[in-house]
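Structure data follow from work-v4.txt (compact mmCIF, C-alpha atoms):
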```txt
# COMPACT_ATOMS: atom_id res chain seq x y z
CA MET A 14 -3.27 19.25 21.80
CA SER A 15 -3.56 22.32 19.67
CA LEU A 16 -0.96 24.25 17.76
CA SER A 17 -1.09 27.28 19.94
CA ASP A 18 -0.59 25.21 23.10
CA ASP A 19 2.34 23.34 21.71
CA PRO A 20 5.35 25.26 20.50
CA GLU A 21 7.16 21.92 20.04
CA ILE A 22 5.11 21.03 16.97
CA SER A 23 7.71 22.39 14.61
CA VAL A 24 10.53 20.25 15.97
CA SER A 25 11.47 17.13 14.12
CA GLY A 26 10.19 13.79 15.27
CA LEU A 27 7.35 11.59 14.34
CA GLY A 28 3.85 11.79 15.69
CA LEU A 29 0.31 10.68 15.18
CA MET A 30 -2.36 13.03 13.88
CA VAL A 31 -6.05 12.22 14.03
CA VAL A 32 -8.24 14.26 11.73
CA ASP A 33 -11.88 13.98 12.66
CA ASP A 34 -14.73 16.36 13.34
CA ASP A 35 -16.12 13.97 15.95
CA GLU A 36 -14.92 15.13 19.35
CA ASP A 37 -15.63 11.72 20.89
CA ILE A 38 -13.38 9.96 18.40
CA LEU A 39 -10.59 12.45 18.99
CA PHE A 40 -10.90 12.00 22.73
CA THR A 41 -10.95 8.20 22.46
CA VAL A 42 -7.87 8.03 20.27
CA GLN A 43 -6.03 10.53 22.42
CA SER A 44 -6.77 8.45 25.52
CA LEU A 45 -5.69 5.30 23.76
CA PHE A 46 -2.27 6.72 22.92
CA LYS A 47 -1.80 8.61 26.19
CA LYS A 48 1.17 6.51 27.22
CA SER A 49 2.78 6.39 23.79
CA PRO A 50 6.25 7.86 23.42
CA PHE A 51 5.21 10.00 20.45
CA PRO A 52 2.99 13.09 20.42
CA VAL A 53 -0.62 12.86 19.34
CA TYR A 54 -2.15 15.79 17.51
CA LEU A 55 -5.86 16.28 17.14
CA ALA A 56 -7.18 18.10 14.10
CA HIS A 57 -10.88 18.88 13.99
CA SER A 58 -10.88 19.59 10.27
CA GLY A 59 -8.94 19.17 7.07
CA GLN A 60 -7.85 22.76 7.36
CA GLU A 61 -6.40 22.17 10.81
CA CYS A 62 -4.57 19.11 9.47
CA LEU A 63 -2.96 21.28 6.79
CA SER A 64 -1.91 23.79 9.43
CA TYR A 65 -0.13 21.06 11.37
CA LEU A 66 1.63 19.99 8.18
CA ASP A 67 2.69 23.58 7.52
CA GLN A 68 4.20 23.56 11.00
CA GLY A 69 6.28 20.52 10.10
CA PHE A 70 4.22 17.55 11.23
CA LYS A 71 5.65 14.18 10.18
CA GLY A 72 4.22 10.79 10.95
CA VAL A 73 1.01 8.86 10.67
CA ILE A 74 -2.30 10.53 9.84
CA LEU A 75 -5.64 8.90 10.56
CA MET A 76 -8.02 10.74 8.26
CA ASP A 77 -11.78 10.77 8.56
CA ILE A 78 -13.58 11.11 5.23
CA MET A 79 -16.78 12.96 5.92
CA MET A 80 -16.02 16.30 7.52
CA PRO A 81 -17.46 19.76 7.03
CA GLY A 82 -15.26 22.07 4.99
CA LEU A 83 -12.50 20.06 3.36
CA ASP A 84 -13.40 16.39 3.52
CA GLY A 85 -10.75 13.70 3.91
CA TRP A 86 -10.18 13.23 0.19
CA GLU A 87 -9.99 16.93 -0.49
CA THR A 88 -7.50 17.27 2.34
CA ILE A 89 -5.29 14.55 0.82
CA GLN A 90 -5.59 16.24 -2.55
CA GLU A 91 -4.36 19.44 -0.94
CA ILE A 92 -1.50 17.62 0.83
CA VAL A 93 -0.34 16.20 -2.51
CA LYS A 94 -0.73 19.58 -4.21
CA ARG A 95 1.40 21.22 -1.53
CA ASP A 96 4.01 18.45 -1.90
CA LYS A 97 3.74 17.43 1.75
CA MET A 98 3.58 13.67 1.29
CA HIS A 99 7.16 13.12 2.37
CA ASP A 100 7.44 11.52 5.79
CA LEU A 101 3.75 10.79 5.96
CA ILE A 102 1.70 7.64 6.04
CA ILE A 103 -1.99 8.30 5.63
CA SER A 104 -4.70 5.87 6.58
CA MET A 105 -8.34 6.65 6.06
CA PHE A 106 -10.20 6.41 9.33
CA THR A 107 -13.83 6.05 8.65
CA ALA A 108 -17.12 4.40 9.39
CA LYS A 109 -17.77 4.21 5.69
CA ASP A 110 -17.29 0.62 4.57
CA VAL A 111 -17.17 1.06 0.85
CA PRO A 112 -14.68 3.63 -0.39
CA ASP A 113 -15.65 6.04 -3.10
CA THR A 114 -14.04 4.64 -6.22
CA THR A 115 -14.50 7.89 -8.06
CA LEU A 116 -11.49 8.97 -6.00
CA ASP A 117 -9.31 6.29 -7.53
CA HIS A 118 -6.70 8.85 -8.48
CA LEU A 119 -5.82 9.40 -4.82
CA LYS A 120 -5.49 5.76 -3.85
CA GLU A 121 -1.72 5.66 -4.19
CA TYR A 122 -1.46 8.17 -1.34
CA VAL A 123 -3.58 6.12 1.03
CA PHE A 124 -1.62 3.37 2.71
CA ASP A 125 -4.42 1.81 4.66
CA TYR A 126 -8.06 1.99 5.58
CA ILE A 127 -9.10 1.65 9.19
CA THR A 128 -12.78 1.41 9.87
CA LYS A 129 -14.61 2.70 12.91
CA PRO A 130 -15.47 1.30 15.33
CA PHE A 131 -11.92 0.05 15.67
CA GLU A 132 -10.24 -2.53 17.86
CA PRO A 133 -7.98 -0.53 20.20
CA GLU A 134 -5.15 -3.06 20.26
CA LYS A 135 -5.15 -3.39 16.50
CA LEU A 136 -5.10 0.37 16.04
CA ILE A 137 -2.18 0.77 18.43
CA ALA A 138 -0.26 -2.00 16.67
CA LEU A 139 -0.87 -0.50 13.23
CA VAL A 140 0.12 3.01 14.23
CA ASP A 141 3.25 1.70 15.96
CA ASP A 142 4.09 -0.32 12.88
CA TYR A 143 3.64 2.57 10.47
CA LEU A 144 5.66 4.89 12.66
CA THR A 145 8.47 2.35 12.67
CA LEU A 146 8.25 2.30 8.91
CA LEU A 147 8.81 6.06 8.80
CA ASP A 148 11.61 6.01 11.36
CA MET B 30 12.48 -19.29 -14.06
CA ASN B 31 9.61 -18.82 -11.64
CA ILE B 32 8.27 -15.26 -11.91
CA LEU B 33 5.71 -14.01 -9.42
CA ILE B 34 4.05 -10.61 -9.69
CA ILE B 35 2.18 -9.35 -6.64
CA GLY B 36 -0.16 -6.39 -7.13
CA SER B 37 -1.27 -4.44 -4.08
CA SER B 38 -2.90 -1.14 -3.23
CA THR B 39 -4.69 0.47 -0.29
CA GLY B 40 -4.75 -1.90 2.66
CA GLY B 41 -2.25 -4.15 0.90
CA PRO B 42 1.02 -3.23 2.64
CA ARG B 43 0.09 -4.94 5.87
CA VAL B 44 -0.69 -8.12 3.88
CA VAL B 45 2.55 -7.86 1.91
CA PHE B 46 4.48 -7.61 5.18
CA GLU B 47 2.64 -10.65 6.49
CA LEU B 48 3.45 -12.63 3.34
CA PHE B 49 7.15 -11.90 3.55
CA ASN B 50 7.52 -12.27 7.27
CA GLY B 51 10.01 -15.11 7.70
CA LEU B 52 10.10 -16.00 4.01
CA PRO B 53 13.38 -17.79 3.27
CA THR B 54 15.20 -17.36 0.00
CA ILE B 55 13.16 -19.26 -2.56
CA PRO B 56 13.92 -19.85 -6.25
CA VAL B 57 11.46 -17.26 -7.48
CA ALA B 58 11.88 -13.77 -8.92
CA ILE B 59 9.22 -11.73 -7.17
CA ILE B 60 8.02 -8.37 -8.40
CA ILE B 61 5.87 -6.26 -6.11
CA VAL B 62 3.77 -3.53 -7.63
CA GLN B 63 2.44 -1.58 -4.69
CA HIS B 64 0.54 1.64 -5.36
CA MET B 65 2.48 4.17 -3.34
CA PRO B 66 4.13 7.53 -3.70
CA GLU B 67 7.83 7.62 -4.56
CA SER B 68 8.67 8.85 -1.07
CA THR B 69 7.36 5.63 0.49
CA THR B 70 9.18 3.14 -1.77
CA GLN B 71 12.47 3.19 0.12
CA ARG B 72 10.80 2.63 3.48
CA PHE B 73 8.52 -0.07 2.18
CA THR B 74 11.53 -1.87 0.68
CA LYS B 75 13.61 -1.52 3.82
CA ARG B 76 10.83 -3.08 5.87
CA LEU B 77 10.54 -5.99 3.44
CA SER B 78 14.26 -6.64 3.56
CA GLN B 79 14.01 -6.89 7.34
CA LEU B 80 11.31 -9.53 7.05
CA THR B 81 12.78 -11.96 4.53
CA SER B 82 16.18 -13.36 3.75
CA MET B 83 15.54 -12.79 0.05
CA ASN B 84 17.46 -10.03 -1.65
CA VAL B 85 15.07 -7.05 -1.82
CA ILE B 86 15.85 -4.20 -4.18
CA ILE B 87 14.37 -1.18 -5.88
CA PRO B 88 15.45 -1.64 -9.48
CA LYS B 89 17.02 1.24 -11.35
CA GLY B 90 16.21 -0.27 -14.74
CA GLY B 91 18.31 -2.62 -16.82
CA GLU B 92 18.46 -5.46 -14.26
CA ASN B 93 17.83 -9.00 -15.41
CA LEU B 94 15.48 -10.93 -13.15
CA LYS B 95 17.16 -13.35 -10.79
CA GLN B 96 15.51 -15.99 -8.68
CA GLY B 97 15.83 -15.32 -4.97
CA THR B 98 15.32 -11.58 -5.47
CA VAL B 99 12.36 -9.33 -4.72
CA TYR B 100 11.96 -6.28 -6.95
CA VAL B 101 9.85 -3.42 -5.64
CA ALA B 102 8.44 -1.21 -8.40
CA PRO B 103 9.40 2.34 -7.46
CA GLY B 104 6.66 4.90 -6.98
CA ASP B 105 5.97 7.08 -10.00
CA SER B 106 7.41 4.62 -12.57
CA HIS B 107 5.86 1.76 -14.46
CA LEU B 108 7.88 -1.43 -14.27
CA VAL B 109 8.01 -3.31 -17.56
CA LEU B 110 9.70 -6.62 -18.32
CA LYS B 111 11.43 -6.56 -21.66
CA ASN B 112 11.85 -10.02 -23.18
CA ASN B 113 10.25 -11.34 -19.98
CA GLU B 114 13.32 -10.72 -17.86
CA THR B 115 14.92 -7.31 -18.21
CA ILE B 116 13.43 -4.61 -16.02
CA LEU B 117 12.66 -1.28 -17.61
CA LEU B 118 11.26 1.68 -15.71
CA GLU B 119 9.02 3.99 -17.66
CA LYS B 120 7.47 7.35 -16.86
CA THR B 121 4.66 6.93 -19.34
CA GLU B 122 1.08 8.00 -18.59
CA LYS B 123 -0.63 6.69 -15.49
CA VAL B 124 -2.77 3.63 -16.11
CA ASN B 125 -5.86 3.06 -13.96
CA PHE B 126 -4.92 6.39 -12.34
CA VAL B 127 -1.65 4.99 -11.01
CA ARG B 128 2.03 4.65 -11.75
CA PRO B 129 3.27 1.98 -11.19
CA SER B 130 0.35 0.05 -12.56
CA ILE B 131 -0.05 -3.67 -11.93
CA ASP B 132 -1.64 -4.13 -15.35
CA VAL B 133 1.34 -2.57 -17.11
CA THR B 134 3.81 -4.94 -15.44
CA MET B 135 1.75 -8.09 -15.90
CA MET B 136 0.82 -7.29 -19.48
CA SER B 137 4.43 -6.75 -20.47
CA LEU B 138 5.00 -10.50 -20.20
CA THR B 139 4.70 -12.78 -23.23
CA ARG B 140 4.51 -16.53 -23.58
CA GLU B 141 7.83 -18.05 -22.67
CA PRO B 142 8.21 -21.81 -22.16
CA ARG B 143 11.29 -21.34 -19.98
CA HIS B 144 9.28 -19.43 -17.39
CA SER B 145 6.42 -20.20 -15.00
CA TYR B 146 4.25 -17.19 -14.28
CA TYR B 147 2.32 -16.49 -11.12
CA GLY B 148 0.12 -13.49 -10.38
CA ILE B 149 -1.46 -12.41 -7.11
CA ILE B 150 -3.85 -9.52 -6.48
CA LEU B 151 -4.19 -8.23 -2.94
CA SER B 152 -6.41 -5.65 -1.27
CA GLY B 153 -6.97 -2.44 -3.15
CA MET B 154 -9.28 0.15 -4.56
CA GLY B 155 -10.29 0.18 -8.21
CA GLN B 156 -9.55 -2.33 -10.92
CA ASP B 157 -5.83 -2.22 -11.55
CA GLY B 158 -4.52 -5.76 -12.00
CA ALA B 159 -7.71 -7.20 -13.47
CA GLN B 160 -6.49 -7.02 -17.08
CA GLY B 161 -3.06 -8.17 -16.00
CA ILE B 162 -4.38 -11.25 -14.25
CA SER B 163 -6.48 -12.08 -17.28
CA HIS B 164 -3.37 -11.75 -19.47
CA LEU B 165 -1.27 -13.97 -17.19
CA LYS B 166 -4.00 -16.59 -17.19
CA ARG B 167 -4.02 -16.58 -21.00
CA LEU B 168 -0.27 -17.13 -20.93
CA GLY B 169 -0.81 -20.23 -18.81
CA GLY B 170 0.10 -18.57 -15.54
CA HIS B 171 -1.34 -19.48 -12.16
CA VAL B 172 -3.43 -16.60 -10.86
CA ILE B 173 -4.66 -15.94 -7.36
CA VAL B 174 -6.62 -13.20 -5.64
CA GLN B 175 -6.84 -12.41 -1.98
CA ASN B 176 -10.19 -13.54 -0.62
CA PRO B 177 -12.28 -10.34 -0.74
CA GLY B 178 -13.64 -11.21 2.70
CA THR B 179 -10.14 -10.74 4.13
CA CYS B 180 -9.43 -7.49 2.26
CA ILE B 181 -9.48 -4.01 3.72
CA ILE B 182 -10.63 -2.88 0.27
CA LYS B 183 -11.96 -5.62 -1.95
CA SER B 184 -12.60 -3.93 -5.29
CA MET B 185 -9.28 -4.92 -6.88
CA PRO B 186 -9.58 -8.67 -6.26
CA GLU B 187 -13.27 -8.54 -7.14
CA SER B 188 -12.52 -6.82 -10.45
CA ALA B 189 -9.98 -9.53 -11.27
CA MET B 190 -12.52 -12.22 -10.41
CA ARG B 191 -15.16 -10.61 -12.61
CA LEU B 192 -12.85 -10.66 -15.61
CA THR B 193 -11.07 -13.98 -15.11
CA LYS B 194 -11.74 -17.39 -13.70
CA VAL B 195 -8.91 -17.19 -11.22
CA ASP B 196 -7.19 -20.36 -10.07
CA GLN B 197 -7.48 -19.67 -6.36
CA VAL B 198 -9.12 -17.26 -3.93
CA LEU B 199 -7.03 -17.37 -0.78
CA SER B 200 -6.60 -15.75 2.61
CA PRO B 201 -3.26 -14.02 3.33
CA GLU B 202 -2.16 -17.04 5.35
CA GLU B 203 -2.96 -19.37 2.46
CA ILE B 204 -1.22 -17.07 -0.03
CA LYS B 205 1.86 -17.17 2.17
CA LYS B 206 1.82 -20.98 2.09
CA PHE B 207 1.37 -20.88 -1.66
CA ILE B 208 4.42 -18.64 -2.15
CA TRP B 209 6.53 -20.99 -0.04
CA SER B 210 5.26 -23.88 -2.16
CA ILE B 211 6.42 -22.28 -5.44
CA GLY B 212 9.94 -22.64 -4.18
CA LYS B 213 9.39 -26.35 -3.63
CA SER B 214 7.76 -27.13 -6.95
```
Output the file's structure as structure tokens, nothing else.
Amino acid sequence: MSLSDDPEISVSGLGLMVVDDDEDILFTVQSLFKKSPFPVYLAHSGQECLSYLDQGFKGVILMDIMMPGLDGWETIQEIVKRDKMHDLIISMFTAKDVPDTTLDHLKEYVFDYITKPFEPEKLIALVDDYLTLLD
Amino acid sequence: MNILIIGSSTGGPRVVFELFNGLPTIPVAIIIVQHMPESTTQRFTKRLSQLTSMNVIIPKGGENLKQGTVYVAPGDSHLVLKNNETILLEKTEKVNFVRPSIDVTMMSLTREPRHSYYGIILSGMGQDGAQGISHLKRLGGHVIVQNPGTCIIKSMPESAMRLTKVDQVLSPEEIKKFIWSIGKS
């Protein structure tokens, strides 16, 4: 789903956003949540994630770390700077096992860490749980 | 009084929820220091109150600790225990890059024969809680870390283990059993 295709993005309601430059990952997650009652937004970059937030996105964000342009941490830094943390739960979504501890100052904004490859059932349960938390 | 301080960061909330799921009211004052933004505190607390029959509150400052109550340190404030039982919220500098800091809360305690101290460090990034656990241990407290092998992020428990000979290294399930057992001791 992209912004231009979806004029409903600015309405209230919670959703899931996956931020990843890997098209396969985006496709897999989208397929996994196809039957979910909430919308799933796919952002190919940190910049696209910020655009969704500007349009009023609220919900759970699965954030890849290594992306061209703004990486995951830089994107979170920008989210905090723009005061957009309200109504968001961010989980890093990464193949990287060991987090970069030089980014300690952002840890309070990261609720969870989900590593790829992920177990589909576990991912669904976690996203459902975190959305309930925001509800 | 039994006083338990639980320190948690990234990857910790799901463990905290597991620990409190079905927890009856036990004679322990529990303080949770979870690294989180202020906007998440209310939701985190609401979820906890749905999981346990204990009284779960976000202190405003000035409360005296009571057994049977869970106190969630609000985002963007340090939680300090004055005279080992009165909660104060402080907007002083971040410690270990965070506010609330686990170290700040744990290190505000002093030796007090009337109290039994317990400290637990769960999953998280960085080293917050390591000094605090060391301090609690020196005060005669019982200190536990989540088994790093069960952590989403293991650096916080590992830092505590590097600094202190902790009493126990436990899985979330074992920590849950331990918390229940405090109420029975």
For chain A, list the residues within 10 Å of chain B, counting only C-alpha atoms, and write the list as number ranges by chain.
A: 93, 98-102, 104-105, 110-128, 139, 142-143, 145-148
What gap, in Å, lies between atom CA of B:Ile150 and atom CA of B:Met30?
20.5 Å
So that I can see what lies close to stretch 83-100 of chain B, please list as an MDAnalysis selection string the residues with an atom at most 9 Å from it, counting all atoms listed in the file and leaving out residues fewer than 3 positions away in the same chain.
chainID B and resid 30:32 52:62 70:71 74:75 77:78 80 103 108 110 113:119
Given the selection you just returned, output its residues as a file containing C-alpha atoms, formatted as an mmCIF file, in the coordinates of the input.
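Result file is again-v1.cif:
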```cif
data_model
loop_
_atom_site.group_PDB
_atom_site.id
_atom_site.type_symbol
_atom_site.label_atom_id
_atom_site.label_comp_id
_atom_site.auth_asym_id
_atom_site.auth_seq_id
_atom_site.Cartn_x
_atom_site.Cartn_y
_atom_site.Cartn_z
ATOM 1 C CA MET B 30 12.480 -19.290 -14.060
ATOM 2 C CA ASN B 31 9.610 -18.820 -11.640
ATOM 3 C CA ILE B 32 8.270 -15.260 -11.910
ATOM 4 C CA LEU B 52 10.100 -16.000 4.010
ATOM 5 C CA PRO B 53 13.380 -17.790 3.270
ATOM 6 C CA THR B 54 15.200 -17.360 0.000
ATOM 7 C CA ILE B 55 13.160 -19.260 -2.560
ATOM 8 C CA PRO B 56 13.920 -19.850 -6.250
ATOM 9 C CA VAL B 57 11.460 -17.260 -7.480
ATOM 10 C CA ALA B 58 11.880 -13.770 -8.920
ATOM 11 C CA ILE B 59 9.220 -11.730 -7.170
ATOM 12 C CA ILE B 60 8.020 -8.370 -8.400
ATOM 13 C CA ILE B 61 5.870 -6.260 -6.110
ATOM 14 C CA VAL B 62 3.770 -3.530 -7.630
ATOM 15 C CA THR B 70 9.180 3.140 -1.770
ATOM 16 C CA GLN B 71 12.470 3.190 0.120
ATOM 17 C CA THR B 74 11.530 -1.870 0.680
ATOM 18 C CA LYS B 75 13.610 -1.520 3.820
ATOM 19 C CA LEU B 77 10.540 -5.990 3.440
ATOM 20 C CA SER B 78 14.260 -6.640 3.560
ATOM 21 C CA LEU B 80 11.310 -9.530 7.050
ATOM 22 C CA PRO B 103 9.400 2.340 -7.460
ATOM 23 C CA LEU B 108 7.880 -1.430 -14.270
ATOM 24 C CA LEU B 110 9.700 -6.620 -18.320
ATOM 25 C CA ASN B 113 10.250 -11.340 -19.980
ATOM 26 C CA GLU B 114 13.320 -10.720 -17.860
ATOM 27 C CA THR B 115 14.920 -7.310 -18.210
ATOM 28 C CA ILE B 116 13.430 -4.610 -16.020
ATOM 29 C CA LEU B 117 12.660 -1.280 -17.610
ATOM 30 C CA LEU B 118 11.260 1.680 -15.710
ATOM 31 C CA GLU B 119 9.020 3.990 -17.660
#
```
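The spacing separating atom CA of B:Leu199 from atom CA of A:Leu75 amounts to 28.6 Å.
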Please, what distance in Å, to one decimal, runs between atom CA of B:Lys111 and atom CA of B:Gly161?
15.6 Å
Near-A:Gly85 list (9 Å; all atoms listed in the file; drop same-chain fewer than 6 positions) as a VMD selection string:
chain A and resid 32 to 33 58 to 59 76 to 79 105
Would you mind exporting the chosen residues as a CSV table (one decimal), in the coordinates of the input, restricted to C-alpha atoms?
```
chain,number,residue,atom,x,y,z
A,32,VAL,CA,-8.2,14.3,11.7
A,33,ASP,CA,-11.9,14.0,12.7
A,58,SER,CA,-10.9,19.6,10.3
A,59,GLY,CA,-8.9,19.2,7.1
A,76,MET,CA,-8.0,10.7,8.3
A,77,ASP,CA,-11.8,10.8,8.6
A,78,ILE,CA,-13.6,11.1,5.2
A,79,MET,CA,-16.8,13.0,5.9
A,105,MET,CA,-8.3,6.6,6.1
```
Which residues, written as a list of chain:residue names, have at least one atom at most 8 Å from A:Thr88, with all atoms listed in the file counted and residues fewer than 3 positions away on the same chain left out?
A:Gly59, A:Gln60, A:Cys62, A:Leu63, A:Leu83, A:Asp84, A:Gly85, A:Glu91, A:Ile92
Selected residues written out, C-alpha atoms, as a PDB file, in the frame of the given file:
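Saved file part.pdb follows:
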```pdb
ATOM      1  CA  GLY A  59      -8.940  19.170   7.070  1.00  0.00           C
ATOM      2  CA  GLN A  60      -7.850  22.760   7.360  1.00  0.00           C
ATOM      3  CA  CYS A  62      -4.570  19.110   9.470  1.00  0.00           C
ATOM      4  CA  LEU A  63      -2.960  21.280   6.790  1.00  0.00           C
ATOM      5  CA  LEU A  83     -12.500  20.060   3.360  1.00  0.00           C
ATOM      6  CA  ASP A  84     -13.400  16.390   3.520  1.00  0.00           C
ATOM      7  CA  GLY A  85     -10.750  13.700   3.910  1.00  0.00           C
ATOM      8  CA  GLU A  91      -4.360  19.440  -0.940  1.00  0.00           C
ATOM      9  CA  ILE A  92      -1.500  17.620   0.830  1.00  0.00           C
TER      10      ILE A  92
END
```
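Using all atoms listed in the file, the nearest neighbour of B:Thr81 within the list B:Leu48, B:Ile211, B:Ala102, B:Ile35 is B:Leu48.
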Near-B:Leu138 list (12 Å; only C-alpha atoms; drop same-chain fewer than 3 positions) as a PyMOL selection string
chain B and resi 32-34+108-116+131-135+141-142+144-148+161-170
